[in-house]
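Shown below: target-v9.txt, with compact mmCIF, N, CA and C atoms.
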# COMPACT_ATOMS: atom_id res chain seq x y z
N MET A 1 19.21 -8.49 1.30
CA MET A 1 18.00 -8.08 1.99
C MET A 1 17.95 -8.80 3.34
N PRO A 2 17.73 -8.05 4.42
CA PRO A 2 17.62 -8.71 5.72
C PRO A 2 16.37 -9.58 5.78
N ALA A 3 16.44 -10.62 6.59
CA ALA A 3 15.29 -11.51 6.73
C ALA A 3 14.11 -10.77 7.33
N LEU A 4 12.95 -11.01 6.76
CA LEU A 4 11.73 -10.43 7.31
C LEU A 4 11.23 -11.31 8.44
N THR A 5 10.69 -10.66 9.44
CA THR A 5 10.12 -11.37 10.57
C THR A 5 8.79 -10.72 10.90
N PRO A 6 7.97 -11.40 11.66
CA PRO A 6 6.73 -10.75 12.10
C PRO A 6 7.02 -9.43 12.84
N ASP A 7 8.14 -9.36 13.56
CA ASP A 7 8.47 -8.13 14.28
C ASP A 7 8.77 -6.97 13.33
N THR A 8 9.45 -7.25 12.20
CA THR A 8 9.72 -6.15 11.26
C THR A 8 8.44 -5.65 10.63
N ILE A 9 7.51 -6.56 10.38
CA ILE A 9 6.22 -6.15 9.80
C ILE A 9 5.41 -5.37 10.85
N ARG A 10 5.46 -5.80 12.09
CA ARG A 10 4.78 -5.05 13.16
C ARG A 10 5.35 -3.64 13.29
N ALA A 11 6.66 -3.51 13.14
CA ALA A 11 7.29 -2.18 13.20
C ALA A 11 6.75 -1.30 12.08
N LEU A 12 6.55 -1.88 10.92
CA LEU A 12 5.97 -1.13 9.80
C LEU A 12 4.57 -0.64 10.15
N THR A 13 3.74 -1.53 10.69
CA THR A 13 2.38 -1.12 11.03
C THR A 13 2.37 -0.09 12.16
N GLU A 14 3.34 -0.19 13.08
CA GLU A 14 3.45 0.82 14.14
C GLU A 14 3.82 2.18 13.56
N THR A 15 4.69 2.18 12.55
CA THR A 15 5.05 3.43 11.88
C THR A 15 3.84 4.05 11.21
N LEU A 16 3.02 3.23 10.58
CA LEU A 16 1.79 3.74 9.97
C LEU A 16 0.84 4.30 11.03
N ALA A 17 0.76 3.64 12.16
CA ALA A 17 -0.08 4.15 13.26
C ALA A 17 0.47 5.48 13.76
N ASP A 18 1.80 5.61 13.85
CA ASP A 18 2.41 6.88 14.26
C ASP A 18 2.09 7.97 13.25
N LEU A 19 2.13 7.64 11.97
CA LEU A 19 1.79 8.62 10.94
C LEU A 19 0.34 9.07 11.11
N THR A 20 -0.55 8.15 11.32
CA THR A 20 -1.96 8.49 11.51
C THR A 20 -2.12 9.42 12.71
N ASP A 21 -1.48 9.07 13.82
CA ASP A 21 -1.55 9.93 15.01
C ASP A 21 -1.02 11.32 14.71
N TYR A 22 0.09 11.39 13.99
CA TYR A 22 0.67 12.69 13.66
C TYR A 22 -0.27 13.50 12.77
N LEU A 23 -0.89 12.85 11.81
CA LEU A 23 -1.81 13.57 10.92
C LEU A 23 -3.03 14.10 11.68
N TRP A 24 -3.43 13.41 12.75
CA TRP A 24 -4.53 13.91 13.57
C TRP A 24 -4.14 15.18 14.35
N GLU A 25 -2.84 15.45 14.44
CA GLU A 25 -2.37 16.65 15.13
C GLU A 25 -2.38 17.88 14.22
N ASN A 26 -2.91 17.72 13.01
CA ASN A 26 -3.11 18.82 12.05
C ASN A 26 -1.83 19.50 11.57
N PRO A 27 -0.92 18.74 10.96
CA PRO A 27 0.24 19.41 10.33
C PRO A 27 -0.27 20.20 9.13
N GLY A 28 0.55 21.06 8.60
CA GLY A 28 0.16 21.80 7.41
C GLY A 28 -0.09 20.88 6.23
N PRO A 29 -0.90 21.32 5.27
CA PRO A 29 -1.22 20.47 4.12
C PRO A 29 0.02 20.02 3.34
N ALA A 30 0.98 20.89 3.14
CA ALA A 30 2.17 20.51 2.37
C ALA A 30 2.94 19.39 3.08
N GLU A 31 3.09 19.51 4.39
CA GLU A 31 3.80 18.48 5.15
C GLU A 31 3.02 17.18 5.15
N ALA A 32 1.72 17.27 5.36
CA ALA A 32 0.88 16.06 5.37
C ALA A 32 0.95 15.35 4.02
N LEU A 33 0.87 16.12 2.94
CA LEU A 33 0.95 15.52 1.61
C LEU A 33 2.31 14.86 1.39
N ALA A 34 3.37 15.52 1.82
CA ALA A 34 4.71 14.96 1.65
C ALA A 34 4.85 13.63 2.40
N LEU A 35 4.25 13.53 3.57
CA LEU A 35 4.34 12.31 4.35
C LEU A 35 3.50 11.18 3.76
N VAL A 36 2.37 11.52 3.19
CA VAL A 36 1.45 10.50 2.68
C VAL A 36 1.76 10.11 1.24
N GLU A 37 2.37 11.00 0.50
CA GLU A 37 2.62 10.76 -0.92
C GLU A 37 3.26 9.41 -1.22
N PRO A 38 4.31 8.99 -0.52
CA PRO A 38 4.91 7.69 -0.85
C PRO A 38 3.94 6.52 -0.64
N LEU A 39 3.02 6.68 0.29
CA LEU A 39 2.07 5.61 0.57
C LEU A 39 1.05 5.42 -0.54
N LEU A 40 0.79 6.49 -1.29
CA LEU A 40 -0.25 6.44 -2.31
C LEU A 40 0.28 6.51 -3.73
N ASP A 41 1.59 6.38 -3.89
CA ASP A 41 2.17 6.38 -5.23
C ASP A 41 1.48 5.31 -6.07
N GLU A 42 1.18 5.64 -7.32
CA GLU A 42 0.40 4.71 -8.13
C GLU A 42 1.17 3.44 -8.51
N TYR A 43 2.48 3.44 -8.40
CA TYR A 43 3.27 2.27 -8.76
C TYR A 43 3.83 1.53 -7.55
N THR A 44 4.20 2.27 -6.52
CA THR A 44 4.87 1.65 -5.38
C THR A 44 4.15 1.88 -4.06
N GLY A 45 2.99 2.49 -4.10
CA GLY A 45 2.26 2.81 -2.87
C GLY A 45 1.65 1.59 -2.20
N LEU A 46 1.10 1.81 -1.03
CA LEU A 46 0.53 0.73 -0.23
C LEU A 46 -0.55 -0.08 -0.94
N PRO A 47 -1.51 0.55 -1.62
CA PRO A 47 -2.53 -0.29 -2.26
C PRO A 47 -1.93 -1.31 -3.22
N VAL A 48 -0.99 -0.87 -4.04
CA VAL A 48 -0.37 -1.77 -5.02
C VAL A 48 0.51 -2.80 -4.32
N GLN A 49 1.31 -2.35 -3.36
CA GLN A 49 2.20 -3.27 -2.66
C GLN A 49 1.43 -4.32 -1.87
N PHE A 50 0.36 -3.88 -1.19
CA PHE A 50 -0.41 -4.83 -0.39
C PHE A 50 -1.15 -5.80 -1.30
N ALA A 51 -1.63 -5.34 -2.44
CA ALA A 51 -2.27 -6.24 -3.41
C ALA A 51 -1.27 -7.30 -3.86
N ASP A 52 -0.06 -6.88 -4.17
CA ASP A 52 0.97 -7.84 -4.57
C ASP A 52 1.29 -8.82 -3.45
N THR A 53 1.28 -8.33 -2.21
CA THR A 53 1.52 -9.20 -1.06
C THR A 53 0.43 -10.26 -0.94
N LEU A 54 -0.82 -9.86 -1.13
CA LEU A 54 -1.92 -10.83 -1.06
C LEU A 54 -1.82 -11.86 -2.17
N ARG A 55 -1.44 -11.42 -3.37
CA ARG A 55 -1.27 -12.37 -4.48
C ARG A 55 -0.14 -13.35 -4.18
N ALA A 56 0.95 -12.85 -3.62
CA ALA A 56 2.07 -13.71 -3.27
C ALA A 56 1.68 -14.71 -2.18
N LEU A 57 0.89 -14.26 -1.22
CA LEU A 57 0.41 -15.16 -0.17
C LEU A 57 -0.47 -16.26 -0.78
N ALA A 58 -1.37 -15.87 -1.66
CA ALA A 58 -2.24 -16.85 -2.31
C ALA A 58 -1.40 -17.88 -3.07
N ARG A 59 -0.40 -17.41 -3.77
CA ARG A 59 0.47 -18.32 -4.53
C ARG A 59 1.26 -19.24 -3.60
N ALA A 60 1.79 -18.69 -2.51
CA ALA A 60 2.56 -19.50 -1.56
C ALA A 60 1.71 -20.61 -0.97
N VAL A 61 0.47 -20.29 -0.65
CA VAL A 61 -0.42 -21.30 -0.09
C VAL A 61 -0.81 -22.31 -1.16
N LEU A 62 -1.15 -21.81 -2.33
CA LEU A 62 -1.61 -22.67 -3.41
C LEU A 62 -0.53 -23.65 -3.88
N GLU A 63 0.71 -23.19 -3.92
CA GLU A 63 1.79 -24.02 -4.45
C GLU A 63 2.53 -24.84 -3.38
N ASN A 64 2.10 -24.73 -2.14
CA ASN A 64 2.75 -25.48 -1.08
C ASN A 64 2.34 -26.95 -1.18
N PRO A 65 3.31 -27.85 -1.36
CA PRO A 65 2.95 -29.27 -1.52
C PRO A 65 2.41 -29.91 -0.23
N ASP A 66 2.63 -29.27 0.91
CA ASP A 66 2.16 -29.84 2.17
C ASP A 66 0.70 -29.49 2.48
N ILE A 67 0.11 -28.63 1.66
CA ILE A 67 -1.27 -28.21 1.90
C ILE A 67 -2.19 -28.95 0.93
N THR A 68 -3.15 -29.65 1.47
CA THR A 68 -4.11 -30.38 0.66
C THR A 68 -5.12 -29.40 0.08
N ARG A 69 -5.36 -29.53 -1.22
CA ARG A 69 -6.34 -28.66 -1.88
C ARG A 69 -7.74 -29.10 -1.50
N THR A 70 -8.52 -28.13 -1.07
CA THR A 70 -9.92 -28.38 -0.73
C THR A 70 -10.76 -27.26 -1.34
N ALA A 71 -12.06 -27.48 -1.40
CA ALA A 71 -12.96 -26.45 -1.92
C ALA A 71 -12.88 -25.20 -1.04
N GLN A 72 -12.82 -25.38 0.28
CA GLN A 72 -12.72 -24.25 1.19
C GLN A 72 -11.41 -23.49 0.97
N GLY A 73 -10.32 -24.22 0.82
CA GLY A 73 -9.03 -23.58 0.56
C GLY A 73 -9.03 -22.83 -0.75
N ASP A 74 -9.60 -23.42 -1.79
CA ASP A 74 -9.69 -22.75 -3.09
C ASP A 74 -10.52 -21.47 -2.99
N LEU A 75 -11.58 -21.51 -2.19
CA LEU A 75 -12.41 -20.32 -1.98
C LEU A 75 -11.59 -19.22 -1.29
N LEU A 76 -10.80 -19.60 -0.30
CA LEU A 76 -9.96 -18.61 0.39
C LEU A 76 -8.93 -18.00 -0.55
N ILE A 77 -8.36 -18.81 -1.42
CA ILE A 77 -7.40 -18.30 -2.41
C ILE A 77 -8.11 -17.31 -3.34
N THR A 78 -9.31 -17.65 -3.77
CA THR A 78 -10.09 -16.76 -4.63
C THR A 78 -10.39 -15.45 -3.92
N GLU A 79 -10.72 -15.53 -2.63
CA GLU A 79 -11.00 -14.31 -1.86
C GLU A 79 -9.75 -13.44 -1.73
N LEU A 80 -8.60 -14.05 -1.51
CA LEU A 80 -7.35 -13.28 -1.45
C LEU A 80 -7.09 -12.56 -2.77
N ARG A 81 -7.28 -13.28 -3.85
CA ARG A 81 -7.05 -12.69 -5.17
C ARG A 81 -8.05 -11.58 -5.47
N SER A 82 -9.30 -11.77 -5.07
CA SER A 82 -10.32 -10.72 -5.27
C SER A 82 -9.97 -9.48 -4.46
N ALA A 83 -9.55 -9.70 -3.22
CA ALA A 83 -9.16 -8.56 -2.38
C ALA A 83 -7.97 -7.84 -3.00
N ALA A 84 -7.05 -8.59 -3.59
CA ALA A 84 -5.89 -7.98 -4.24
C ALA A 84 -6.33 -7.08 -5.39
N TRP A 85 -7.29 -7.52 -6.18
CA TRP A 85 -7.77 -6.68 -7.29
C TRP A 85 -8.45 -5.42 -6.76
N GLU A 86 -9.22 -5.57 -5.69
CA GLU A 86 -9.87 -4.39 -5.10
C GLU A 86 -8.83 -3.39 -4.61
N LEU A 87 -7.77 -3.88 -4.00
CA LEU A 87 -6.71 -2.98 -3.53
C LEU A 87 -6.00 -2.32 -4.70
N THR A 88 -5.75 -3.08 -5.75
CA THR A 88 -5.09 -2.52 -6.92
C THR A 88 -5.91 -1.36 -7.49
N ASP A 89 -7.22 -1.50 -7.45
CA ASP A 89 -8.09 -0.42 -7.94
C ASP A 89 -7.92 0.86 -7.12
N GLN A 90 -7.43 0.74 -5.91
CA GLN A 90 -7.25 1.91 -5.05
C GLN A 90 -6.05 2.75 -5.45
N HIS A 91 -5.31 2.33 -6.47
CA HIS A 91 -4.18 3.14 -6.93
C HIS A 91 -4.65 4.52 -7.37
N THR A 92 -5.95 4.67 -7.58
CA THR A 92 -6.48 5.97 -8.00
C THR A 92 -6.30 7.04 -6.92
N PHE A 93 -5.98 6.61 -5.69
CA PHE A 93 -5.67 7.61 -4.66
C PHE A 93 -4.53 8.51 -5.10
N HIS A 94 -3.66 7.97 -5.93
CA HIS A 94 -2.54 8.76 -6.44
C HIS A 94 -3.04 10.03 -7.11
N TYR A 95 -4.14 9.92 -7.83
CA TYR A 95 -4.68 11.08 -8.54
C TYR A 95 -5.28 12.10 -7.57
N VAL A 96 -5.76 11.63 -6.45
CA VAL A 96 -6.25 12.54 -5.41
C VAL A 96 -5.09 13.41 -4.93
N LEU A 97 -3.91 12.81 -4.79
CA LEU A 97 -2.74 13.59 -4.39
C LEU A 97 -2.44 14.69 -5.40
N ASP A 98 -2.55 14.37 -6.69
CA ASP A 98 -2.33 15.39 -7.72
C ASP A 98 -3.31 16.55 -7.53
N ASP A 99 -4.56 16.22 -7.28
CA ASP A 99 -5.58 17.27 -7.09
C ASP A 99 -5.32 18.08 -5.82
N LEU A 100 -4.89 17.40 -4.75
CA LEU A 100 -4.58 18.13 -3.52
C LEU A 100 -3.38 19.06 -3.72
N ARG A 101 -2.37 18.59 -4.45
CA ARG A 101 -1.23 19.45 -4.74
C ARG A 101 -1.67 20.69 -5.51
N ASP A 102 -2.55 20.49 -6.50
CA ASP A 102 -3.06 21.62 -7.27
C ASP A 102 -3.83 22.58 -6.36
N LEU A 103 -4.61 22.04 -5.46
CA LEU A 103 -5.43 22.86 -4.56
C LEU A 103 -4.56 23.68 -3.62
N TYR A 104 -3.50 23.07 -3.10
CA TYR A 104 -2.67 23.76 -2.11
C TYR A 104 -1.40 24.35 -2.70
N GLY A 105 -1.23 24.23 -4.02
CA GLY A 105 -0.13 24.92 -4.70
C GLY A 105 1.25 24.37 -4.43
N SER A 106 1.36 23.12 -3.98
CA SER A 106 2.70 22.58 -3.79
C SER A 106 3.28 22.16 -5.13
N SER A 107 4.57 21.99 -5.15
CA SER A 107 5.28 21.70 -6.39
C SER A 107 5.71 20.24 -6.43
N PRO A 108 4.96 19.38 -7.13
CA PRO A 108 5.31 17.97 -7.15
C PRO A 108 6.57 17.67 -7.94
N ALA A 109 6.93 18.51 -8.90
CA ALA A 109 8.10 18.22 -9.74
C ALA A 109 9.37 18.13 -8.91
N SER A 110 9.59 19.08 -8.02
CA SER A 110 10.81 19.05 -7.22
C SER A 110 10.77 17.90 -6.22
N GLU A 111 9.58 17.58 -5.69
CA GLU A 111 9.47 16.47 -4.74
C GLU A 111 9.69 15.14 -5.45
N GLN A 112 9.15 14.99 -6.66
CA GLN A 112 9.27 13.73 -7.37
C GLN A 112 10.71 13.46 -7.77
N GLU A 113 11.45 14.51 -8.13
CA GLU A 113 12.82 14.29 -8.53
C GLU A 113 13.67 13.73 -7.41
N SER A 114 13.34 14.06 -6.17
CA SER A 114 14.15 13.60 -5.05
C SER A 114 13.64 12.29 -4.47
N CYS A 115 12.50 11.80 -4.94
CA CYS A 115 11.92 10.58 -4.41
C CYS A 115 12.69 9.36 -4.89
N PRO A 116 13.18 8.50 -3.99
CA PRO A 116 13.96 7.34 -4.41
C PRO A 116 13.15 6.30 -5.16
N CYS A 117 11.82 6.38 -5.09
CA CYS A 117 11.00 5.37 -5.73
C CYS A 117 10.75 5.67 -7.19
N ARG A 118 11.18 6.79 -7.70
CA ARG A 118 10.92 7.13 -9.10
C ARG A 118 12.13 6.88 -9.94
For this file, write the structure as structure tokens.
Amino acid sequence: MPALTPDTIRALTETLADLTDYLWENPGPAEALALVEPLLDEYTGLPVQFADTLRALARAVLENPDITRTAQGDLLITELRSAAWELTDQHTFHYVLDDLRDLYGSSPASEQESCPCR
């Protein structure tokens, strides 16, 4: 795995911004769903991944021997963990995709078979 840097993470957020801009240009529903589907997958989508990232950050800070434990620091760790749970609850967006597919008649079976995340 290549080393992660702040620049690689910025590139990711720029890609998400590009996706948002593109979606504002009104692509067809099938194309829009195909582009957004990986982001909202109930197992590997952004809500779940970002929640895991926040938990990992909390753990990294909590277990760092160079950081002195304080009440304020413990509160911040608790807030990170709470935010992670809230994000995890957002996995239900995945079910919205199922409903949108039903509404617009796209075929998720063929798309899911080709998805590398499944």
* 7 Å contact set for A:Phe93, only N, CA and C atoms, chain neighbours under 5 positions out, as a VMD selection string -> chain A and resid 40 to 42 98
* Selected residue of minimal separation from A:Ala58 among A:Asp74, A:Asp99, A:Asp7, A:Asp18, counting only C-alpha atoms -> A:Asp74
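From atom C of A:Val96 back to atom N of A:Leu12, the distance works out to 24.9 Å.
Counting all atoms listed in the file, A:Ala51 has the following residues at most 7 Å away, ignoring those fewer than 5 positions along the same chain: Leu46, Ala56, Ala83, Ala84, Trp85, Leu87 and Thr88 of chain A.
For the pair atom CA of A:Ala71 and atom N of A:Arg59, the interatomic distance is 15.6 Å.
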* Asked: So how far away is atom N of A:His94 from atom N of A:Val48, in Å?
  -> 9.4 Å
* Name the closest residue to A:Thr20 among the candidates A:Arg101, A:Glu63, A:Pro6, A:Val36; distances are taken between atoms, counting only C-alpha atoms. => A:Val36
Kindly add all heavy atoms to the incomplete stretch 19-30 of chain A and provide the output as an mmCIF file, in the coordinates of the input.
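The result, written out as result_5.cif:
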data_model
loop_
_atom_site.group_PDB
_atom_site.id
_atom_site.type_symbol
_atom_site.label_atom_id
_atom_site.label_comp_id
_atom_site.auth_asym_id
_atom_site.auth_seq_id
_atom_site.Cartn_x
_atom_site.Cartn_y
_atom_site.Cartn_z
ATOM 1 N N LEU A 19 2.130 7.640 11.970
ATOM 2 C CA LEU A 19 1.790 8.620 10.940
ATOM 3 C C LEU A 19 0.340 9.070 11.110
ATOM 4 O O LEU A 19 0.057 10.272 11.057
ATOM 5 C CB LEU A 19 1.998 8.027 9.539
ATOM 6 C CG LEU A 19 1.492 8.886 8.383
ATOM 7 C CD1 LEU A 19 2.198 10.237 8.336
ATOM 8 C CD2 LEU A 19 1.636 8.134 7.066
ATOM 9 N N THR A 20 -0.550 8.150 11.320
ATOM 10 C CA THR A 20 -1.960 8.490 11.510
ATOM 11 C C THR A 20 -2.120 9.420 12.710
ATOM 12 O O THR A 20 -2.805 10.450 12.619
ATOM 13 C CB THR A 20 -2.801 7.218 11.711
ATOM 14 O OG1 THR A 20 -2.653 6.387 10.562
ATOM 15 C CG2 THR A 20 -4.273 7.555 11.908
ATOM 16 N N ASP A 21 -1.480 9.070 13.820
ATOM 17 C CA ASP A 21 -1.550 9.930 15.010
ATOM 18 C C ASP A 21 -1.020 11.320 14.710
ATOM 19 O O ASP A 21 -1.618 12.332 15.117
ATOM 20 C CB ASP A 21 -0.764 9.317 16.171
ATOM 21 C CG ASP A 21 -1.403 8.055 16.727
ATOM 22 O OD1 ASP A 21 -2.599 7.804 16.436
ATOM 23 O OD2 ASP A 21 -0.697 7.304 17.426
ATOM 24 N N TYR A 22 0.090 11.390 13.990
ATOM 25 C CA TYR A 22 0.670 12.690 13.660
ATOM 26 C C TYR A 22 -0.270 13.500 12.770
ATOM 27 O O TYR A 22 -0.436 14.706 12.977
ATOM 28 C CB TYR A 22 2.028 12.499 12.967
ATOM 29 C CG TYR A 22 2.685 13.815 12.641
ATOM 30 C CD1 TYR A 22 3.259 14.584 13.652
ATOM 31 C CD2 TYR A 22 2.694 14.309 11.350
ATOM 32 C CE1 TYR A 22 3.837 15.810 13.366
ATOM 33 C CE2 TYR A 22 3.276 15.528 11.053
ATOM 34 C CZ TYR A 22 3.848 16.281 12.067
ATOM 35 O OH TYR A 22 4.409 17.497 11.784
ATOM 36 N N LEU A 23 -0.890 12.850 11.810
ATOM 37 C CA LEU A 23 -1.810 13.570 10.920
ATOM 38 C C LEU A 23 -3.030 14.100 11.680
ATOM 39 O O LEU A 23 -3.583 15.142 11.309
ATOM 40 C CB LEU A 23 -2.235 12.690 9.752
ATOM 41 C CG LEU A 23 -1.124 12.361 8.753
ATOM 42 C CD1 LEU A 23 -1.621 11.358 7.721
ATOM 43 C CD2 LEU A 23 -0.586 13.620 8.081
ATOM 44 N N TRP A 24 -3.430 13.410 12.750
ATOM 45 C CA TRP A 24 -4.530 13.910 13.570
ATOM 46 C C TRP A 24 -4.140 15.180 14.350
ATOM 47 O O TRP A 24 -5.004 15.903 14.829
ATOM 48 C CB TRP A 24 -5.012 12.839 14.555
ATOM 49 C CG TRP A 24 -5.936 11.841 13.908
ATOM 50 C CD1 TRP A 24 -5.669 10.535 13.635
ATOM 51 C CD2 TRP A 24 -7.262 12.076 13.451
ATOM 52 N NE1 TRP A 24 -6.740 9.947 13.026
ATOM 53 C CE2 TRP A 24 -7.750 10.876 12.903
ATOM 54 C CE3 TRP A 24 -8.106 13.188 13.439
ATOM 55 C CZ2 TRP A 24 -9.024 10.737 12.363
ATOM 56 C CZ3 TRP A 24 -9.373 13.051 12.892
ATOM 57 C CH2 TRP A 24 -9.818 11.845 12.363
ATOM 58 N N GLU A 25 -2.840 15.450 14.440
ATOM 59 C CA GLU A 25 -2.370 16.650 15.130
ATOM 60 C C GLU A 25 -2.380 17.880 14.220
ATOM 61 O O GLU A 25 -1.903 18.943 14.591
ATOM 62 C CB GLU A 25 -0.957 16.415 15.671
ATOM 63 C CG GLU A 25 -0.909 15.359 16.760
ATOM 64 C CD GLU A 25 0.506 15.027 17.194
ATOM 65 O OE1 GLU A 25 1.460 15.725 16.780
ATOM 66 O OE2 GLU A 25 0.660 14.047 17.943
ATOM 67 N N ASN A 26 -2.910 17.720 13.010
ATOM 68 C CA ASN A 26 -3.110 18.820 12.050
ATOM 69 C C ASN A 26 -1.830 19.500 11.570
ATOM 70 O O ASN A 26 -1.691 20.722 11.685
ATOM 71 C CB ASN A 26 -4.077 19.864 12.619
ATOM 72 C CG ASN A 26 -5.461 19.311 12.802
ATOM 73 O OD1 ASN A 26 -5.930 18.541 11.979
ATOM 74 N ND2 ASN A 26 -6.098 19.685 13.898
ATOM 75 N N PRO A 27 -0.920 18.740 10.960
ATOM 76 C CA PRO A 27 0.240 19.410 10.330
ATOM 77 C C PRO A 27 -0.270 20.200 9.130
ATOM 78 O O PRO A 27 -1.406 20.002 8.683
ATOM 79 C CB PRO A 27 1.126 18.247 9.907
ATOM 80 C CG PRO A 27 0.172 17.116 9.682
ATOM 81 C CD PRO A 27 -0.909 17.304 10.721
ATOM 82 N N GLY A 28 0.550 21.060 8.600
ATOM 83 C CA GLY A 28 0.160 21.800 7.410
ATOM 84 C C GLY A 28 -0.090 20.880 6.230
ATOM 85 O O GLY A 28 0.455 19.775 6.171
ATOM 86 N N PRO A 29 -0.900 21.320 5.270
ATOM 87 C CA PRO A 29 -1.220 20.470 4.120
ATOM 88 C C PRO A 29 0.020 20.020 3.340
ATOM 89 O O PRO A 29 0.088 18.855 2.935
ATOM 90 C CB PRO A 29 -2.108 21.355 3.240
ATOM 91 C CG PRO A 29 -2.685 22.359 4.166
ATOM 92 C CD PRO A 29 -1.646 22.574 5.234
ATOM 93 N N ALA A 30 0.980 20.890 3.140
ATOM 94 C CA ALA A 30 2.170 20.510 2.370
ATOM 95 C C ALA A 30 2.940 19.390 3.080
ATOM 96 O O ALA A 30 3.391 18.431 2.452
ATOM 97 C CB ALA A 30 3.068 21.720 2.133
#
